[in-house]
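Enquirer: Structure file data-v2.cif, mmCIF, C-alpha atoms, is pasted below:
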```cif
data_entry
loop_
_atom_site.label_atom_id
_atom_site.label_comp_id
_atom_site.auth_asym_id
_atom_site.auth_seq_id
_atom_site.Cartn_x
_atom_site.Cartn_y
_atom_site.Cartn_z
CA MET A 1 119.84 91.58 162.71
CA ASN A 2 120.97 93.75 159.82
CA GLN A 3 119.07 93.11 156.61
CA ALA A 4 121.35 92.71 153.59
CA LYS A 5 121.62 95.84 151.49
CA HIS A 6 120.01 95.84 148.06
CA PRO A 7 122.77 95.87 145.39
CA ALA A 8 121.55 99.23 144.09
CA GLU A 9 122.23 100.76 147.52
CA HIS A 10 125.93 100.36 146.86
CA LEU A 11 125.52 102.60 143.82
CA PHE A 12 123.09 105.00 145.48
CA SER A 13 125.08 105.17 148.71
CA GLU A 14 125.30 108.27 150.84
CA HIS A 15 128.16 109.31 148.55
CA HIS A 16 125.87 109.47 145.53
CA PRO A 17 124.73 113.04 144.90
CA LEU A 18 121.18 111.99 144.05
CA THR A 19 120.74 110.26 147.39
CA ALA A 20 121.27 113.51 149.26
CA ALA A 21 118.42 115.12 147.33
CA MET A 22 115.93 112.29 147.68
CA ASN A 23 116.76 110.50 150.96
CA MET A 24 115.58 107.13 149.67
CA LYS A 25 115.08 104.04 151.83
CA PHE A 26 115.57 100.80 149.87
CA ILE A 27 113.44 97.81 150.88
CA PRO A 28 113.83 94.59 148.84
CA VAL A 29 110.52 92.74 148.40
CA GLY A 30 110.95 89.10 147.43
CA ASP A 31 113.22 88.10 144.57
CA ASN A 32 111.92 90.37 141.83
CA SER A 33 110.67 93.55 143.46
CA LEU A 34 112.08 96.61 145.14
CA ARG A 35 110.28 99.18 147.27
CA VAL A 36 111.79 102.61 147.89
CA GLU A 37 110.25 104.95 150.45
CA LEU A 38 110.79 108.68 150.76
CA ASP A 39 109.04 111.97 151.44
CA ALA A 40 108.14 114.04 148.38
CA PRO A 41 110.91 116.66 148.44
CA LYS A 42 110.34 120.41 148.28
CA SER A 43 113.38 120.72 146.02
CA PHE A 44 111.38 119.18 143.15
CA SER A 45 108.27 121.37 143.44
CA ASP A 46 106.28 122.57 140.44
CA VAL A 47 105.03 126.11 139.76
CA SER A 48 102.50 125.82 142.61
CA GLY A 49 105.22 125.17 145.17
CA THR A 50 102.85 122.78 146.96
CA HIS A 51 103.27 119.69 144.77
CA THR A 52 106.20 117.96 143.12
CA HIS A 53 106.64 118.29 139.37
CA THR A 54 105.92 115.17 137.31
CA GLY A 55 109.58 115.28 136.30
CA PHE A 56 110.37 114.23 139.87
CA ALA A 57 108.17 111.15 139.44
CA THR A 58 109.97 110.33 136.21
CA LEU A 59 113.34 110.74 137.92
CA LEU A 60 112.23 108.51 140.82
CA LEU A 61 110.76 105.85 138.53
CA ASP A 62 113.93 105.72 136.42
CA THR A 63 115.97 105.38 139.62
CA VAL A 64 113.88 102.64 141.22
CA LEU A 65 113.12 100.65 138.07
CA GLY A 66 116.83 100.78 137.17
CA SER A 67 117.76 99.78 140.71
CA CYS A 68 115.37 96.83 140.50
CA ALA A 69 117.14 95.75 137.31
CA ILE A 70 120.51 96.08 139.07
CA GLY A 71 119.19 93.79 141.79
CA LYS A 72 118.81 90.98 139.25
CA LEU A 73 122.33 91.22 137.81
CA LYS A 74 124.47 88.12 138.16
CA GLN A 75 127.59 90.28 138.02
CA MET A 76 127.64 93.96 139.03
CA GLN A 77 127.97 95.99 135.84
CA PRO A 78 126.67 99.26 134.44
CA ILE A 79 123.16 99.48 133.07
CA ALA A 80 121.61 102.18 130.90
CA THR A 81 118.00 103.16 130.36
CA ILE A 82 116.85 102.37 126.83
CA LYS A 83 113.28 103.59 127.13
CA LEU A 84 111.04 104.84 129.90
CA THR A 85 107.33 105.51 129.51
CA SER A 86 105.65 107.23 132.45
CA ASN A 87 101.99 107.94 133.13
CA HIS A 88 101.17 110.59 135.68
CA LEU A 89 97.78 110.43 137.37
CA GLN A 90 98.43 112.85 140.21
CA LYS A 91 101.31 114.87 141.57
CA ALA A 92 102.64 114.17 145.05
CA LYS A 93 102.08 116.85 147.67
CA VAL A 94 105.37 118.17 149.01
CA GLY A 95 106.20 116.41 152.28
CA ASP A 96 103.83 113.49 151.73
CA ALA A 97 105.23 110.05 152.43
CA ILE A 98 105.32 108.12 149.15
CA TYR A 99 106.79 104.89 147.89
CA CYS A 100 107.85 103.51 144.55
CA LEU A 101 107.41 99.80 143.93
CA ALA A 102 109.21 98.23 140.97
CA GLU A 103 108.80 94.71 139.63
CA TRP A 104 111.34 93.00 137.40
CA LYS A 105 109.60 91.20 134.53
CA GLY A 106 112.51 89.43 132.87
CA GLU A 107 115.69 89.69 130.85
CA GLU A 108 116.24 88.74 127.22
CA ASN A 109 119.15 89.58 124.94
CA SER A 110 120.83 91.70 127.64
CA VAL A 111 117.71 93.85 128.02
CA SER A 112 115.97 93.97 131.39
CA TYR A 113 112.22 94.71 131.55
CA VAL A 114 110.80 96.42 134.64
CA SER A 115 107.53 98.09 135.57
CA GLY A 116 106.58 100.12 138.59
CA GLU A 117 104.44 102.72 140.23
CA ILE A 118 104.53 105.49 142.76
CA ARG A 119 101.88 105.54 145.46
CA ARG A 120 101.02 107.77 148.40
CA GLN A 121 101.64 105.85 151.62
CA ALA A 122 98.63 107.24 153.52
CA ASP A 123 95.95 105.83 151.23
CA ASP A 124 97.85 103.79 148.61
CA GLN A 125 96.59 106.13 145.86
CA ILE A 126 98.51 105.66 142.60
CA LEU A 127 100.34 108.82 141.55
CA SER A 128 102.41 107.59 138.58
CA THR A 129 103.14 104.36 136.72
CA ALA A 130 105.95 103.41 134.34
CA THR A 131 107.49 100.71 132.24
CA GLY A 132 111.18 100.74 131.50
CA THR A 133 113.76 98.80 129.54
CA PHE A 134 117.42 98.78 130.55
CA MET A 135 120.51 97.65 128.64
CA ILE A 136 122.63 95.36 130.77
CA GLY A 137 126.32 96.15 130.44
CA THR A 138 127.85 98.91 128.38
CA ALA A 139 131.11 99.44 126.53
CA SER A 140 132.42 100.65 129.86
CA ARG A 141 134.35 98.46 132.33
CA PRO A 142 132.44 96.71 135.18
CA LEU A 143 131.68 98.95 138.15
CA GLU A 144 133.81 96.86 140.52
CA GLU A 145 136.91 97.45 138.41
CA LYS A 146 136.24 101.19 138.27
CA ALA A 147 135.55 101.34 141.99
CA GLY A 148 138.76 99.45 142.64
CA SER A 149 140.83 101.75 140.46
CA ALA A 150 139.25 104.96 141.78
CA SER A 151 141.51 106.90 144.12
CA MET B 1 111.37 135.09 133.84
CA SER B 2 108.69 132.39 133.59
CA ALA B 3 107.41 131.12 136.94
CA LEU B 4 108.22 127.61 135.78
CA PHE B 5 111.90 128.48 135.72
CA GLN B 6 111.68 129.72 139.30
CA SER B 7 110.17 126.45 140.54
CA GLY B 8 111.97 123.96 142.75
CA ILE B 9 112.55 121.38 140.05
CA SER B 10 113.84 123.99 137.65
CA GLY B 11 116.37 125.06 140.28
CA TRP B 12 117.42 121.47 140.91
CA LEU B 13 117.84 120.87 137.20
CA ALA B 14 119.57 124.25 136.78
CA ALA B 15 117.26 124.68 133.80
CA GLU B 16 116.92 127.86 131.83
CA GLN B 17 115.21 129.09 128.71
CA GLN B 18 117.55 130.19 125.92
CA SER B 19 117.02 133.29 123.77
CA GLU B 20 116.26 131.11 120.76
CA PRO B 21 112.59 130.02 120.81
CA ASN B 22 111.84 126.50 122.10
CA LEU B 23 115.42 125.93 123.20
CA TYR B 24 116.25 125.07 126.83
CA LYS B 25 119.42 124.24 128.72
CA THR B 26 120.32 122.32 131.87
CA GLN B 27 123.61 123.51 133.28
CA PHE B 28 125.47 120.42 134.50
CA GLN B 29 125.50 119.89 138.26
CA ASN B 30 127.21 117.08 140.12
CA HIS B 31 123.86 115.85 141.44
CA HIS B 32 122.74 115.15 137.85
CA LEU B 33 125.05 112.15 137.66
CA GLY B 34 123.53 108.69 137.47
CA ASN B 35 126.56 106.45 137.21
CA ILE B 36 129.22 108.28 139.20
CA PHE B 37 131.98 105.99 137.90
CA ILE B 38 131.53 106.72 134.21
CA LYS B 39 130.15 110.20 134.97
CA SER B 40 127.01 109.87 132.87
CA LEU B 41 123.83 111.85 133.42
CA HIS B 42 121.01 110.12 135.27
CA GLY B 43 118.39 109.04 132.74
CA GLY B 44 115.74 110.56 134.99
CA VAL B 45 117.43 113.95 134.77
CA THR B 46 117.05 113.83 131.00
CA GLY B 47 113.46 112.62 131.36
CA ALA B 48 112.62 115.39 133.83
CA MET B 49 114.19 118.00 131.53
CA ILE B 50 112.12 116.68 128.61
CA GLU B 51 108.92 117.09 130.65
CA LEU B 52 109.91 120.54 131.93
CA SER B 53 110.76 121.76 128.41
CA ALA B 54 107.47 120.46 127.00
CA GLU B 55 105.57 122.22 129.78
CA ALA B 56 107.46 125.48 129.19
CA THR B 57 106.66 125.40 125.49
CA THR B 58 102.98 124.73 126.17
CA ARG B 59 102.82 127.52 128.74
CA LYS B 60 104.31 129.89 126.21
CA GLU B 61 101.45 129.10 123.85
CA LEU B 62 98.62 129.11 126.39
CA GLY B 63 99.84 131.62 128.96
CA GLU B 64 101.65 131.43 132.27
CA HIS B 65 98.53 130.61 134.26
CA ALA B 66 97.16 127.80 132.12
CA ASP B 67 96.24 124.74 134.14
CA LEU B 68 98.51 121.94 132.87
CA MET B 69 98.98 118.33 133.87
CA ILE B 70 101.62 116.20 132.20
CA THR B 71 99.86 112.88 131.70
CA THR B 72 102.41 110.82 129.79
CA SER B 73 106.02 110.99 128.74
CA SER B 74 107.90 108.46 126.65
CA VAL B 75 111.65 108.82 126.35
CA ASP B 76 114.07 106.94 124.11
CA TYR B 77 117.70 107.09 125.21
CA LEU B 78 119.90 107.21 122.12
CA ARG B 79 123.49 107.70 123.27
CA ILE B 80 125.63 107.59 126.37
CA THR B 81 125.85 110.91 128.19
CA LYS B 82 128.64 112.71 129.99
CA ASP B 83 129.11 115.35 132.66
CA VAL B 84 128.39 118.45 130.57
CA ASP B 85 125.41 120.72 129.89
CA LEU B 86 122.26 119.31 128.31
CA TYR B 87 120.15 121.07 125.68
CA ALA B 88 116.54 120.43 124.73
CA ARG B 89 114.62 121.63 121.69
CA THR B 90 110.84 121.32 121.61
CA SER B 91 108.28 121.17 118.85
CA ILE B 92 104.52 121.15 119.34
CA VAL B 93 103.07 118.28 117.33
CA ARG B 94 99.44 119.03 118.07
CA MET B 95 97.65 121.52 120.28
CA SER B 96 93.94 120.91 120.70
CA ARG B 97 91.45 122.32 123.17
CA ARG B 98 92.31 119.64 125.69
CA LEU B 99 95.75 118.29 124.84
CA SER B 100 99.20 119.45 123.92
CA ILE B 101 101.57 116.88 122.40
CA VAL B 102 105.19 117.99 122.33
CA ASP B 103 108.26 116.38 120.78
CA VAL B 104 111.55 117.04 122.56
CA THR B 105 115.09 116.28 121.39
CA CYS B 106 118.08 116.47 123.74
CA TRP B 107 121.80 116.70 123.01
CA GLN B 108 125.07 117.61 124.66
CA ASP B 109 127.96 118.10 122.22
CA SER B 110 126.05 118.61 119.00
CA GLU B 111 122.43 118.78 117.98
CA ASP B 112 123.39 116.34 115.22
CA LEU B 113 124.17 113.77 117.93
CA PRO B 114 120.99 113.60 120.05
CA ILE B 115 121.29 111.70 123.33
CA ALA B 116 117.54 111.31 123.87
CA ARG B 117 114.20 112.10 122.36
CA GLY B 118 110.79 112.13 123.95
CA VAL B 119 107.16 112.86 123.40
CA VAL B 120 105.11 114.44 126.17
CA THR B 121 101.32 114.58 126.38
CA ILE B 122 99.85 117.37 128.49
CA LYS B 123 96.22 117.85 129.53
CA VAL B 124 95.53 121.55 129.17
CA THR B 125 92.93 123.87 130.58
CA PRO B 126 93.57 127.37 129.21
CA ALA B 127 93.48 130.27 131.66
CA GLU B 128 90.10 132.11 131.82
#
```
Please lay out the structure from this file as structure tokens.
Expert:
Amino acid sequence: MNQAKHPAEHLFSEHHPLTAAMNMKFIPVGDNSLRVELDAPKSFSDVSGTHTHTGFATLLLDTVLGSCAIGKLKQMQPIATIKLTSNHLQKAKVGDAIYCLAEWKGEENSVSYVSGEIRRQADDQILSTATGTFMIGTASRPLEEKAGSAS
Amino acid sequence: MSALFQSGISGWLAAEQQSEPNLYKTQFQNHHLGNIFIKSLHGGVTGAMIELSAEATTRKELGEHADLMITTSSVDYLRITKDVDLYARTSIVRMSRRLSIVDVTCWQDSEDLPIARGVVTIKVTPAE
């Protein structure tokens, strides 16, 4: 049986340029959480060449926390990051299997609140944590309208 | 060229140091898009550039081989972005024996219209 796709997967489909770089696997967890699994990519290595730069963790956290917020939308519409605070405990080793788990905390006044963390799959060691706030809806038209009008 | 700007993430960001001190640029690439319908930059691209710029500025002060670990970054997103180059200007707020705290402001069209600002805390161990 095919599991239903997480709504964010429609945005980060194989056509999305970021997906090609990160090869993310989306796994919904319950109503409020999203787990994304991937291997730490060489293309985001730091000066050592052996570990990913913390900027990669920030990029992944923004992606997954934002995706988790998208998963709670009643109507598909654009969201925008308002603020993201990331703590980096360790860098991921290039090639290591990691996952990012995000948990939606709530929505008030069109602002969605999400927290999350990146862990190494082998031993569940925390690599980075983050909290993010996302504005629901923008001055732009809903995504469905844009997708429908795109040629 | 600094080793940092030859790293994998620097290549992915298409980041480069400008001739003006503490000024950095990300040349727009299609894979920097977050929302492909409104063609805005991914917030994480801006966040990653803020961290990279803060690290570059700290390395310039402490030397290429300083042992650095970015411990925290906090980014406020101020305006909607578009599919053009991104600039970042850094300013060291405080450099102690163990920490470097760096403010970073990002813009696209005009420095007077910043699209994001961040503060990055870096644990530093100067090179021997």
Enquirer: Applied to the shown file, which residues does the PyMOL selection byres ((chain A) within 8 of (chain B)) return, written as a PyMOL selection string?
Expert: chain A and resi 11+16-18+42-49+52-56+58-63+78+80-89+140+143+146-147
Enquirer: Expressed in Å to a single decimal, how great is the separation between CA of Cys106 (chain B) and CA of Thr26 (chain B)?
Expert: 10.3 Å
Enquirer: To one decimal place, how far is CA of Tyr99 (chain A) from CA of Ser112 (chain A) in Å?
Expert: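 Interatomic distance here is 21.8 Å.
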Enquirer: Just give me the gap between CA of Lys25 (chain B) and CA of Leu86 (chain B) in Å, one decimal is fine.
Expert: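 Atom-to-atom, CA of Lys25 (chain B) and CA of Leu86 (chain B) are spaced 5.7 Å apart.
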Enquirer: What box, with edges along x, y and z, holds each listed atom of region 80-94 of chain A when 3 Å is added on every side, and can you state its centre and edge lengths in Å to one decimal, as JSON?
Expert:
```
{"center_x": 109.7, "center_y": 110.2, "center_z": 137.9, "size_x": 29.8, "size_y": 22.0, "size_z": 28.2}
```
Enquirer: Evaluate the PyMOL selection byres ((chain B and resi 95) around 10) here and jot the selected residues down as number ranges by chain.
Expert: B: 58, 61-62, 92-94, 96-102, 121-122, 124
Enquirer: Can you spell out as a list in words the set of residues that the PyMOL selection byres ((chain A and resi 124) around 12) selects in the structure I just provided?
Expert: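 Taken on the displayed file, the PyMOL selection byres ((chain A and resi 124) around 12) yields the residues Ala92, Asp96, Ala97, Ile98, Tyr99, Cys100, Leu101, Glu117, Ile118, Arg119, Arg120, Gln121, Ala122, Asp123, Gln125, Ile126, Leu127 and Ser128 of chain A.
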Enquirer: Just checking: using all atoms listed in the file, which residue out of B:Ser110, B:Gln27, B:Thr105, B:Ser53 ends up closest to Val84 (chain B)?
Expert: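 Once distances to Val84 (chain B) are computed over all atoms listed in the file, the minimum belongs to B:Gln27.
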Enquirer: Model the absent atoms of region 21-48 of chain A so that N, CA and C atoms are present, and write the result as a compact mmCIF listing (two decimals), in the frame of the given file.
Expert:
```
# COMPACT_ATOMS: atom_id res chain seq x y z
N ALA A 21 119.60 114.34 147.70
CA ALA A 21 118.42 115.12 147.33
C ALA A 21 117.13 114.37 147.63
N MET A 22 117.17 113.05 147.61
CA MET A 22 115.93 112.29 147.68
C MET A 22 115.78 111.45 148.95
N ASN A 23 116.83 111.21 149.68
CA ASN A 23 116.76 110.50 150.96
C ASN A 23 115.94 109.23 150.87
N MET A 24 116.36 108.34 149.97
CA MET A 24 115.58 107.13 149.67
C MET A 24 115.92 105.99 150.63
N LYS A 25 114.90 105.23 151.01
CA LYS A 25 115.08 104.04 151.83
C LYS A 25 114.75 102.82 150.97
N PHE A 26 115.74 101.97 150.75
CA PHE A 26 115.57 100.80 149.87
C PHE A 26 115.07 99.61 150.68
N ILE A 27 113.99 98.97 150.20
CA ILE A 27 113.44 97.81 150.88
C ILE A 27 113.20 96.70 149.85
N PRO A 28 114.08 95.70 149.77
CA PRO A 28 113.83 94.59 148.84
C PRO A 28 112.55 93.86 149.21
N VAL A 29 111.78 93.47 148.19
CA VAL A 29 110.52 92.74 148.40
C VAL A 29 110.59 91.48 147.55
N GLY A 30 110.85 90.36 148.19
CA GLY A 30 110.95 89.10 147.43
C GLY A 30 112.15 89.13 146.49
N ASP A 31 112.09 88.23 145.50
CA ASP A 31 113.22 88.10 144.57
C ASP A 31 113.21 89.12 143.45
N ASN A 32 112.03 89.58 143.07
CA ASN A 32 111.92 90.37 141.83
C ASN A 32 111.46 91.80 142.03
N SER A 33 111.24 92.22 143.25
CA SER A 33 110.67 93.55 143.46
C SER A 33 111.53 94.38 144.41
N LEU A 34 111.37 95.66 144.28
CA LEU A 34 112.08 96.61 145.14
C LEU A 34 111.12 97.74 145.50
N ARG A 35 111.10 98.07 146.79
CA ARG A 35 110.28 99.18 147.27
C ARG A 35 111.22 100.25 147.80
N VAL A 36 110.98 101.49 147.41
CA VAL A 36 111.79 102.61 147.89
C VAL A 36 110.84 103.64 148.50
N GLU A 37 111.12 103.99 149.74
CA GLU A 37 110.25 104.95 150.45
C GLU A 37 110.98 106.27 150.63
N LEU A 38 110.23 107.34 150.55
CA LEU A 38 110.79 108.68 150.76
C LEU A 38 109.66 109.67 150.95
N ASP A 39 110.01 110.87 151.38
CA ASP A 39 109.04 111.97 151.44
C ASP A 39 109.20 112.82 150.19
N ALA A 40 108.09 113.23 149.59
CA ALA A 40 108.14 114.04 148.38
C ALA A 40 108.89 115.34 148.68
N PRO A 41 110.03 115.55 148.04
CA PRO A 41 110.91 116.66 148.44
C PRO A 41 110.50 118.02 147.85
N LYS A 42 110.64 119.03 148.67
CA LYS A 42 110.34 120.41 148.28
C LYS A 42 111.23 120.85 147.11
N SER A 43 112.41 120.30 147.04
CA SER A 43 113.38 120.72 146.02
C SER A 43 112.94 120.36 144.61
N PHE A 44 111.87 119.56 144.48
CA PHE A 44 111.38 119.18 143.15
C PHE A 44 109.97 119.73 142.91
N SER A 45 109.64 120.84 143.56
CA SER A 45 108.27 121.37 143.44
C SER A 45 108.00 121.94 142.06
N ASP A 46 106.70 121.99 141.72
CA ASP A 46 106.28 122.57 140.44
C ASP A 46 106.00 124.05 140.63
N VAL A 47 105.28 124.67 139.68
CA VAL A 47 105.03 126.11 139.76
C VAL A 47 104.17 126.47 140.98
N SER A 48 103.36 125.53 141.45
CA SER A 48 102.50 125.82 142.61
C SER A 48 103.31 125.93 143.89
```
